[in-house]
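Engineer: Okay, handing you the structure first.
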Amino acid sequence: MEISIKQKEASTSAELKSKANKIRKDIVRMIAKAKSGHPGGSLSAVDVVTALYFKVMRHNPKDPKWKDRDRFILSKGHAAPLLYAVLAESGYFEVKELLTLRKLGSRLQGHPDMKRLPGVEISTGSLGHGLSVGNGMAIAGKLNKKGYRVYVLLGDGECQEGQVWEAAMTASHYKLDNVTAILDYNGLQIDGPVKDVMNINPISNKWRAFGWYVIEINGHDFKEIFDSFERVKKLKGKPGIIIAHTTKGKGVSFMENVVDFHGKAPTKEQMVQALKELKKNEE
């Protein structure tokens, strides 16, 4: 019996929710084991990045340097645990290596290292630079007549950096319709609420003023995530940004919307509690 399109979509969403939940557990485990890292902003962007790697992007873990691959840039490099967990689940390296996070000699350092770890397109960590690098990759793609797309994940606090807006102007000026920015808008940064540290609103109007096509979504709703990526793929002559409204520390009750967990590792006891909560999401 044929499965309807709606059933297929539901199945895909269910599978991705399960995958995202596993990635959240990996993030909690590795940061707790390292006793160092950034859980809040890693957990908030899980659903968007899971959708990218398991549904949207063209990539090949067996050939990380495949010339026609889509590129993903983690501009907010402190969310490295998220990237590592997704790469491991995708097959770029073994999942057990995740527990070496931040250990001396490990390939999994506090920020991604493109020279040591397959699947990492660019070493990031100095905030504000990712979109500029993405623009360069997008321009190269157009010059070489390649059909790949470039996806750049930005943090909301990161948008306080002037370099972000220079890159925004560049992408618009050169009509880089093969660049998609995703803003992980969870509202908190290391020093507190983004609106109190340096208000970036009205953020959607700012991006529009810089010549971008803007979509705002619930960053934890897979249907909205898929629909937004399909819409930006159809753009001609201008770049697109998906402003994903998310929850800092999503999936772990005592981390959600708590600024302290921007860069604080959970204790062993907190890890156990977090994993219990995430396990319940599977039931």
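Going by the structure tokens order, chains are called A, B, ..., each with residues numbered from 1, while ligands are numbered from 1 in the order shown.
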To test your reading of the structure, identify every residue in region 50-283 of chain A that backbone DSSP assigns to strand (DSSP E), and report it as an MDAnalysis selection string.
Structural biologist: chainID A and resid 71:74 150:155 179:185 188:189 192:193 213:218 240:245
Engineer: Since we have the selection now, will you write its residues out, keeping N, CA and C atoms, as an mmCIF file, in the first residue's frame?
Structural biologist:
data_model
loop_
_atom_site.group_PDB
_atom_site.id
_atom_site.type_symbol
_atom_site.label_atom_id
_atom_site.label_comp_id
_atom_site.auth_asym_id
_atom_site.auth_seq_id
_atom_site.Cartn_x
_atom_site.Cartn_y
_atom_site.Cartn_z
ATOM 1 N N ARG A 71 27.754 23.622 1.934
ATOM 2 C CA ARG A 71 28.657 23.994 3.025
ATOM 3 C C ARG A 71 27.864 24.508 4.225
ATOM 4 N N PHE A 72 28.282 24.091 5.431
ATOM 5 C CA PHE A 72 27.694 24.614 6.655
ATOM 6 C C PHE A 72 28.783 25.282 7.478
ATOM 7 N N ILE A 73 28.519 26.509 7.912
ATOM 8 C CA ILE A 73 29.475 27.258 8.735
ATOM 9 C C ILE A 73 28.833 27.581 10.068
ATOM 10 N N LEU A 74 29.477 27.131 11.132
ATOM 11 C CA LEU A 74 29.017 27.437 12.486
ATOM 12 C C LEU A 74 29.691 28.741 12.905
ATOM 13 N N VAL A 150 25.423 27.527 0.577
ATOM 14 C CA VAL A 150 26.178 27.785 1.801
ATOM 15 C C VAL A 150 25.204 28.204 2.904
ATOM 16 N N TYR A 151 25.280 27.523 4.030
ATOM 17 C CA TYR A 151 24.415 27.813 5.174
ATOM 18 C C TYR A 151 25.287 28.288 6.334
ATOM 19 N N VAL A 152 24.906 29.411 6.933
ATOM 20 C CA VAL A 152 25.693 30.012 8.010
ATOM 21 C C VAL A 152 24.810 30.196 9.244
ATOM 22 N N LEU A 153 25.200 29.572 10.350
ATOM 23 C CA LEU A 153 24.439 29.711 11.599
ATOM 24 C C LEU A 153 25.046 30.817 12.453
ATOM 25 N N LEU A 154 24.232 31.855 12.700
ATOM 26 C CA LEU A 154 24.646 32.999 13.508
ATOM 27 C C LEU A 154 23.963 32.968 14.867
ATOM 28 N N GLY A 155 24.603 33.588 15.866
ATOM 29 C CA GLY A 155 23.970 33.780 17.155
ATOM 30 C C GLY A 155 23.348 35.161 17.221
ATOM 31 N N VAL A 179 23.494 31.825 -0.676
ATOM 32 C CA VAL A 179 23.812 31.932 0.748
ATOM 33 C C VAL A 179 22.524 31.994 1.561
ATOM 34 N N THR A 180 22.454 31.192 2.605
ATOM 35 C CA THR A 180 21.351 31.262 3.568
ATOM 36 C C THR A 180 21.943 31.430 4.950
ATOM 37 N N ALA A 181 21.538 32.491 5.633
ATOM 38 C CA ALA A 181 21.920 32.671 7.037
ATOM 39 C C ALA A 181 20.782 32.159 7.907
ATOM 40 N N ILE A 182 21.133 31.575 9.028
ATOM 41 C CA ILE A 182 20.133 31.167 10.020
ATOM 42 C C ILE A 182 20.504 31.845 11.327
ATOM 43 N N LEU A 183 19.588 32.591 11.888
ATOM 44 C CA LEU A 183 19.835 33.270 13.155
ATOM 45 C C LEU A 183 19.188 32.482 14.284
ATOM 46 N N ASP A 184 20.023 31.971 15.188
ATOM 47 C CA ASP A 184 19.533 31.246 16.367
ATOM 48 C C ASP A 184 19.141 32.293 17.409
ATOM 49 N N TYR A 185 17.874 32.681 17.359
ATOM 50 C CA TYR A 185 17.401 33.794 18.179
ATOM 51 C C TYR A 185 16.814 33.265 19.487
ATOM 52 N N LEU A 188 19.367 35.161 24.662
ATOM 53 C CA LEU A 188 20.324 35.266 25.770
ATOM 54 C C LEU A 188 21.753 35.136 25.263
ATOM 55 N N GLN A 189 22.652 35.894 25.875
ATOM 56 C CA GLN A 189 24.074 35.770 25.608
ATOM 57 C C GLN A 189 24.803 35.711 26.943
ATOM 58 N N GLY A 192 23.817 38.209 29.655
ATOM 59 C CA GLY A 192 22.412 38.419 29.994
ATOM 60 C C GLY A 192 21.523 38.470 28.763
ATOM 61 N N PRO A 193 20.302 38.996 28.920
ATOM 62 C CA PRO A 193 19.396 39.110 27.773
ATOM 63 C C PRO A 193 20.002 39.999 26.683
ATOM 64 N N TYR A 213 16.072 38.702 2.001
ATOM 65 C CA TYR A 213 14.734 38.129 2.152
ATOM 66 C C TYR A 213 14.678 37.488 3.533
ATOM 67 N N VAL A 214 13.664 37.844 4.314
ATOM 68 C CA VAL A 214 13.598 37.416 5.713
ATOM 69 C C VAL A 214 12.407 36.499 5.969
ATOM 70 N N ILE A 215 12.661 35.395 6.655
ATOM 71 C CA ILE A 215 11.607 34.481 7.103
ATOM 72 C C ILE A 215 11.768 34.310 8.608
ATOM 73 N N GLU A 216 10.691 34.423 9.348
ATOM 74 C CA GLU A 216 10.735 34.168 10.793
ATOM 75 C C GLU A 216 9.959 32.893 11.101
ATOM 76 N N ILE A 217 10.551 32.025 11.919
ATOM 77 C CA ILE A 217 9.937 30.730 12.211
ATOM 78 C C ILE A 217 10.109 30.350 13.676
ATOM 79 N N ASN A 218 9.358 29.338 14.076
ATOM 80 C CA ASN A 218 9.605 28.633 15.330
ATOM 81 C C ASN A 218 10.745 27.664 15.050
ATOM 82 N N GLY A 240 18.979 35.037 1.572
ATOM 83 C CA GLY A 240 17.871 34.866 2.502
ATOM 84 C C GLY A 240 18.356 34.544 3.896
ATOM 85 N N ILE A 241 17.625 35.036 4.891
ATOM 86 C CA ILE A 241 17.931 34.707 6.282
ATOM 87 C C ILE A 241 16.694 34.138 6.954
ATOM 88 N N ILE A 242 16.902 33.063 7.710
ATOM 89 C CA ILE A 242 15.835 32.447 8.497
ATOM 90 C C ILE A 242 16.074 32.832 9.954
ATOM 91 N N ILE A 243 15.178 33.623 10.503
ATOM 92 C CA ILE A 243 15.275 33.995 11.903
ATOM 93 C C ILE A 243 14.499 32.952 12.705
ATOM 94 N N ALA A 244 15.245 32.078 13.366
ATOM 95 C CA ALA A 244 14.645 30.952 14.084
ATOM 96 C C ALA A 244 14.501 31.324 15.561
ATOM 97 N N HIS A 245 13.277 31.513 16.002
ATOM 98 C CA HIS A 245 13.027 31.814 17.413
ATOM 99 C C HIS A 245 13.148 30.513 18.208
#
Engineer: Please extract the residues of region 52-226 of chain A with a backbone DSSP assignment of alpha helix (DSSP H) and present them as a VMD selection string.
Structural biologist: chain A and resid 80 to 90 130 to 143 162 to 173 194 to 198 203 to 209 222 to 226
Engineer: Rank A:Asn21, A:Pro202, A:Ala167, A:Met137 by their smallest atom-to-atom distance to Lys279 (chain A), using only C-alpha atoms, and report the top residue only.
Structural biologist: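 Of A:Asn21, A:Pro202, A:Ala167, A:Met137, the one nearest Lys279 (chain A) is A:Asn21, counting only C-alpha atoms.
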Engineer: Residues of region 36-147 of chain A that approach region 23-26 of chain A to 8 Å or less, counting only C-alpha atoms: could you list each one with the shortest pair of atoms and its distance in Å to one decimal, rows by chain and increasing residue number, as a tab-separated table?
Structural biologist:
residue	atom	partner	partner_atom	distance
A:Leu43	CA	A:Arg24	CA	6.2
A:Val46	CA	A:Arg24	CA	7.1
A:Leu82	CA	A:Ile23	CA	7.5
A:Ala85	CA	A:Ile23	CA	5.8
A:Val86	CA	A:Ile23	CA	6.6
A:Glu89	CA	A:Ile23	CA	7.7
A:Leu98	CA	A:Asp26	CA	7.5
Engineer: When you look at Thr267 (chain A) with a cut-off of 12 Å (counting only C-alpha atoms), what residues show up, excluding the ones that are within fewer than 2 positions of it in the same chain? I need them as a list in words.
Structural biologist: Val28, Arg29, Met30, Ile31, Ala32, Lys33, Ala34, Lys35, Ser36, Gly37, Phe261, Lys264, Ala265, Glu269, Gln270, Met271, Val272, Gln273 and Ala274 of chain A
Engineer: For Ala14 (chain A), which residue out of A:Asp227, A:Asp221, A:Glu158, A:Glu277 is the nearest one, using only C-alpha atoms?
Structural biologist: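 The closest residue to Ala14 (chain A) is A:Asp221.
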Engineer: So, with only C-alpha atoms as the atoms that count, which of A:Asn60, A:Ser228, A:Gln160, A:Ser75 lies closest to Tyr92 (chain A)?
Structural biologist: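 Among the listed residues, A:Asn60 lies closest to Tyr92 (chain A).
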Engineer: Calculate how many Å separate CA of Lys76 (chain A) from CA of His262 (chain A), rounding to one decimal.
Structural biologist: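 We find that CA of Lys76 (chain A) and CA of His262 (chain A) lie 12.2 Å from each other.
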Engineer: Suppose you want the space between CA of Leu117 (chain A) and CA of Asp156 (chain A); what is it in Å?
Structural biologist: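 Taking CA of Leu117 (chain A) and CA of Asp156 (chain A), their separation equals 26.3 Å.
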Engineer: Which neighbours of Asp68 (chain A) fall inside 7 Å, counting only C-alpha atoms, when residues of the same chain fewer than 2 positions from it are skipped, and could you give them as a CSV table (one decimal) with N, CA and C atoms, in the first residue's frame?
Structural biologist:
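Okay, this is what ended up in selection_33.csv:
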chain,number,residue,atom,x,y,z
A,66,TRP,N,34.1,16.6,-1.0
A,66,TRP,CA,33.3,16.5,-2.2
A,66,TRP,C,33.0,17.9,-2.8
A,70,ASP,N,27.1,20.9,-0.2
A,70,ASP,CA,26.7,22.1,0.4
A,70,ASP,C,27.6,22.4,1.6
A,146,LYS,N,29.2,26.1,-9.8
A,146,LYS,CA,28.8,25.0,-9.0
A,146,LYS,C,27.4,25.3,-8.4
A,147,GLY,N,26.7,24.3,-8.1
A,147,GLY,CA,25.3,24.4,-7.7
A,147,GLY,C,25.2,24.3,-6.2
A,148,TYR,N,26.3,24.3,-5.4
A,148,TYR,CA,26.2,24.1,-4.0
A,148,TYR,C,25.6,25.3,-3.3
Engineer: Need to verify the contact set: Lys142 (chain A), 10 Å, only C-alpha atoms, exclusion of same-chain residues closer than 6 positions in sequence. Can you return it as a list in words?
Structural biologist: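 Once the adjacent positions are removed, what remains is Tyr148, Leu176, Asp177 and Asn178 of chain A.
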